[in-house]
Structure formats: C-alpha cells, structure tokens
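> The structure under discussion is supplied below as structure tokens; questions concerning it will follow.
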Amino acid sequence: MTYKIRVLLIVFVLSLSACQTNNKDSKKDTSKEEVSLKEHFKGSFLIGAAINDSHIDRSDSLGIQLLKKEFNSITPENIMKWMYVHPEKDSYFFDTTDKYVALGQENGMYIVGHNLVWHSQLADWVNPIKDSLEMASVLKEHINTIASRYKGKIDAWDVVNEALNEDGTLRESVFSNTMGDGFLELAFKEAAKADPDATLIYNDYNLWKPEKRDGVVRLVKKLQDNGAKIDEVGIQAHWSLEGPSIEDIENSIIAFSELGVKISFTELDVTVLPNPWELDGAAVNQNYDEFEGDPKMNPYPNGLPDSVKLKLSKRYQDIFNLFTKHKEKISRVTFWGVQDGQSWLNNWPINGRTNYPLFFDRNYQPKKVYTDIISAKNN
Ligand code: G3I
C-alpha cells in the first residue's frame, strides 16, 4: 500500500470517527430537547397536575405516561372533595382516594390533598347544621379521620379553600354562619394535630386583587397569632391572556412571603376564550347557559390560530419568568389538568366550548407554549 493510499485511508477513518462523534453530539442535543417540565424547573419548584378518575383508575394510559414524564406532584381535581369522600355523616368513601395516593406513592410524587374544608361540593347533610358546637365537632371528626388516614402519605393539604369574598371579608357559608372565622383556626389546628409534618395551605382564587390579598394577610396573621400552623398560601391562578397583571401577582407573592409562609400556585391555567361579562375568578355558580352553542363565544372549535398560540406562549413566559424570579418563595406550581381536552375550562363558564389553557393538546402532544418554556434558560 503506497503512502498516498495509507494517508487517504487514515483521513477516511478519521473523518468517519469525527462523523460518529458529531452524531453522538446531536444525540445529546436530542436528549436535551426531551427534557421534561419537572427537570426543567428542578431546583426551583415542583411541577404538578390536577388529575381525575381516568388517571386514578389508569384507563387514560397516555395521560399517565405524560404525568410520569412531566410532573412530580399531583392534586385530585375532584375525588377528595367532601361530597365524594364523606357523603353521609357516618360513612366515608376512601376507595378512590386510596388509589390516588397509591398512584402518587408508586411514582415518588409529592401528593396534595384537595381539600379538607370548602363550602362548595359539600355533602348535603352538612348544610342544615346551625349549631356552632355541632359544626366544630363535625369538622374535627372530618379533618381528623381524613388527615390521619393519609398521615405521612399526603405531603400537603389545602386545609381551607376559598373562605373569602372578593373584598377580603369572610365569605358567608355554613361554616362561617355557625362558627364565624373560628372554623379556620379549628381546621388548621386539627390538621396539624392529625399530621404534624404535612404542609398546611390556605387556598383561594383572585389573590392578585389588593382587597382580597389584604384579606388573606389578615387571615394568616390571625391564624399565626392564635398559634395555628399555616405553611403556605395557595394562589389558584385561574388566569386569562389579559390578566391579572404580572405586577399584581408579584405584589401578592411578596405580601404573603413577608408573613413567613411559602407560596404555591395550586391551580394554574390560562383561558384563551372570550369572557365578555367580566366574570371573576373561579366560582362555579357563575354559569351562563344562554350562551351555550353561540359560535362567538367558542371561536376556535377546530384549533387555535398561530396568533393566539403566540399570545398564550408569551403570557406563560411572563408568568414563569415571574415564578423563576421568586423561586425561593415558591414551593410548587400545579396545572389544573393534564391536557386541554380534560380542562374544566371547556365547560365553565359556558358548557361545551373548546379551550386551550394547558401545555399539552388533546392528543397529549406538547404545545408551542411547552417548547418555548422548555427552551428558555430561565430556571
Ligand atoms: O360527576 C358528575 C357526573 O356524574 C355528571 O354526569 C356530570 C354532568 O355535568 O357532572 C359531574 O360532576 C361534575 C364534576 O366537576 C366532576 O366532573 C360537576 O358537574 C362539575 O361542576 C364539577 O366541576 C368541578 C368544580 O371544581 C366544582 O366545584 C371541576 O371539575 C373542578 O375543576 C373545579 O375545581 C375547582 C377547585 O376544586 C377549587 N378552585 C376552583 C376550581 C375551578 O372551579
């Protein structure tokens, strides 16, 4: 073999190996692209999703796959609410909640309990209670039975949900009507007794509003002054493309963290549909049946236009930039659903619309907003 041919051979072998190295590099890049939400925000905060029956009974296998890949925390969207878990005074139904907790444990997830005390989705037998002592005893028994059953298994409890009006005053409910604001102190103290290590949360919507923010500040201070353990304020985060402003959200993050509690964003979604009646927040009694089937109110039944995809992506980038800026104050960000087709926002405030509020589409595929967030260097 001549020298020239040997040199040519060496050059060929070297370029072959360089080519392989490049391939390895491009493989590395591909695997980078496959990074998940939970990996992307590792070290900043947990990333959760609200799940429902089809995840818990494992029938939604694609949903489960997505859940395991992308999320490290779960919240039960409905199955743990009073009407389902404690439907009669002397009977509890734990079949589904046990399966929910088992799913989280199997996958090493941070498991949230939603919720212990809420005026909505309450069992009918609670509503006629008029006497404060009777209510106190019902609440004690309810909280103690559930929180003790999942002691050491459920990591965080939404202890009290939505106890305030929009102006920050105490909401009228069967709990406040019988016990005034004393039901909150009782609830937090009972939950702490039942599971001293669980993270205890006060959870509400529209906490960006200055009056409601101030109401929460007063509520948390009072609980703290009276020796109740409260660890976090849960900001639900049912938002839209237009609002609330990043500044208002930031002011709430700062105000709550100054109380010495952490913040979790417990129910994040961003609606892209028209909402011309200035509906506020997430109270489910606001349902506008007369608009059902009106095409003006359901403008994207066959897919979201690129211009709106862009807006959604920009909105979520602003939101996550804010979360990342305050990551030391924030423990968890939970999306209210896994994929768009399963979101409550397809049926609220108008039934049967096609909404696009989450990071995964109806075919369980990541959306533009997902790719944009994952490729941003912001955590
Ligand atoms: O289970 C029944 C089913 O049997 C029936 O066929 C069907 C027909 O409408 O209704 C089913 O119940 C629905 C339930 O979700 C389970 O899917 C209720 O009508 C519906 O009102 C209920 O909505 C839930 C809502 O809470 C009720 O308050 C939403 O899915 C759930 O996302 C929403 O979650 C709340 C949080 O818990 C607290 N913060 C606000 C948030 C949004 O409202």
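Every chain in the structure tokens has a letter given in the order shown (A, B, ...), and although residue numbers restart at 1 in each chain, ligands are simply numbered from 1 in the order shown.
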How would you write, as JSON, numbers by chain, the set of residues in stretch 10-143 of chain A that DSSP gives as alpha helix (DSSP H)?

{"A": [10, 11, 12, 13, 14, 15, 16, 17, 18, 19, 20, 21, 22, 23, 24, 25, 26, 27, 28, 29, 30, 31, 32, 33, 37, 38, 39, 40, 53, 54, 55, 56, 61, 62, 63, 64, 65, 66, 67, 68, 69, 70, 82, 83, 84, 85, 95, 96, 97, 98, 99, 100, 101, 102, 103, 104, 105, 106, 132, 133, 134, 135, 136, 137, 138, 139, 140, 141, 142, 143]}

> Could you tell me how far atom CA of A:Trp344 lies from atom CA of A:Phe360, in Å and to one decimal?

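Result for atom CA of A:Trp344 versus atom CA of A:Phe360: 14.5 Å, one decimal.
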
> Report as a PyMOL selection string all protein, DNA and RNA residues lying within 7 Å of stretch 129-133 of chain A, evaluated on only C-alpha atoms, omitting residues in the same chain fewer than 3 positions from it.

chain A and resi 126+136-137+178-179

> Find the residue from A:Leu139, A:Met109, A:Ile47, A:Leu116 that sits nearest to A:Lys153; use only C-alpha atoms when measuring.

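Once distances to A:Lys153 are computed over only C-alpha atoms, the minimum belongs to A:Met109.
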
> Which of these residues is nearest to ligand 1, using only C-alpha atoms and all ligand atoms: A:Gly293, A:Gly152, A:Gly113, A:Pro301?

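Closest to ligand 1, using only C-alpha atoms and all ligand atoms: A:Gly113.
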
> Can you work out which one of A:Thr271, A:Thr354, A:Gln236, A:Ser307 has the shortest atom-to-atom distance to A:Trp208, counting only C-alpha atoms?

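Among the listed residues, the smallest separation from A:Trp208 belongs to A:Gln236.
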
> Can you list, as a list in words, every protein, DNA or RNA residue that comes within 10 Å of A:Phe256 when you count only C-alpha atoms, leaving out same-chain residues fewer than 2 positions away?

Arg213, Asp214, Val216, Val217, Val220, Glu232, Val233, Gly234, Asn251, Ser252, Ile253, Ile254, Glu258, Leu259, Gly260, Val261, Lys262, Ile263 and Lys329 of chain A

> Out of A:Asp361, A:Asp231, A:Glu106, A:Asp204, which residue has the shortest atom-to-atom distance to ligand 1 when counting only C-alpha atoms and all ligand atoms?

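Nearest to ligand 1: A:Asp204.
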
> So, with only C-alpha atoms as the atoms that count, which of A:Glu141, A:Glu267, A:Glu134, A:Asp195 lies closest to A:Phe175?

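Smallest separation from A:Phe175 among the options: A:Glu134.
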
> Nearest to ligand 1: which of A:Val160, A:Ala376, A:Leu200, A:Ile64 is it, counting only C-alpha atoms and all ligand atoms?

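Going through A:Val160, A:Ala376, A:Leu200, A:Ile64 one by one, the smallest distance to ligand 1 is for A:Val160.
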
> How many Å lie between atom CA of A:Asn346 and atom CA of A:Trp239, rounded to one decimal?

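Those two atoms sit 14.3 Å apart.
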
> Would you list, as a PyMOL selection string, the residues of stretch 136-305 of chain A that end up in strand (DSSP E or B) under DSSP run on this structure's backbone?

chain A and resi 156-161+164+170+199-204+232-235+238-240+262-271

> Quick one, how far is atom CA of A:His114 from atom CA of A:Tyr92?

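Here the two named atoms are 15.7 Å from each other.
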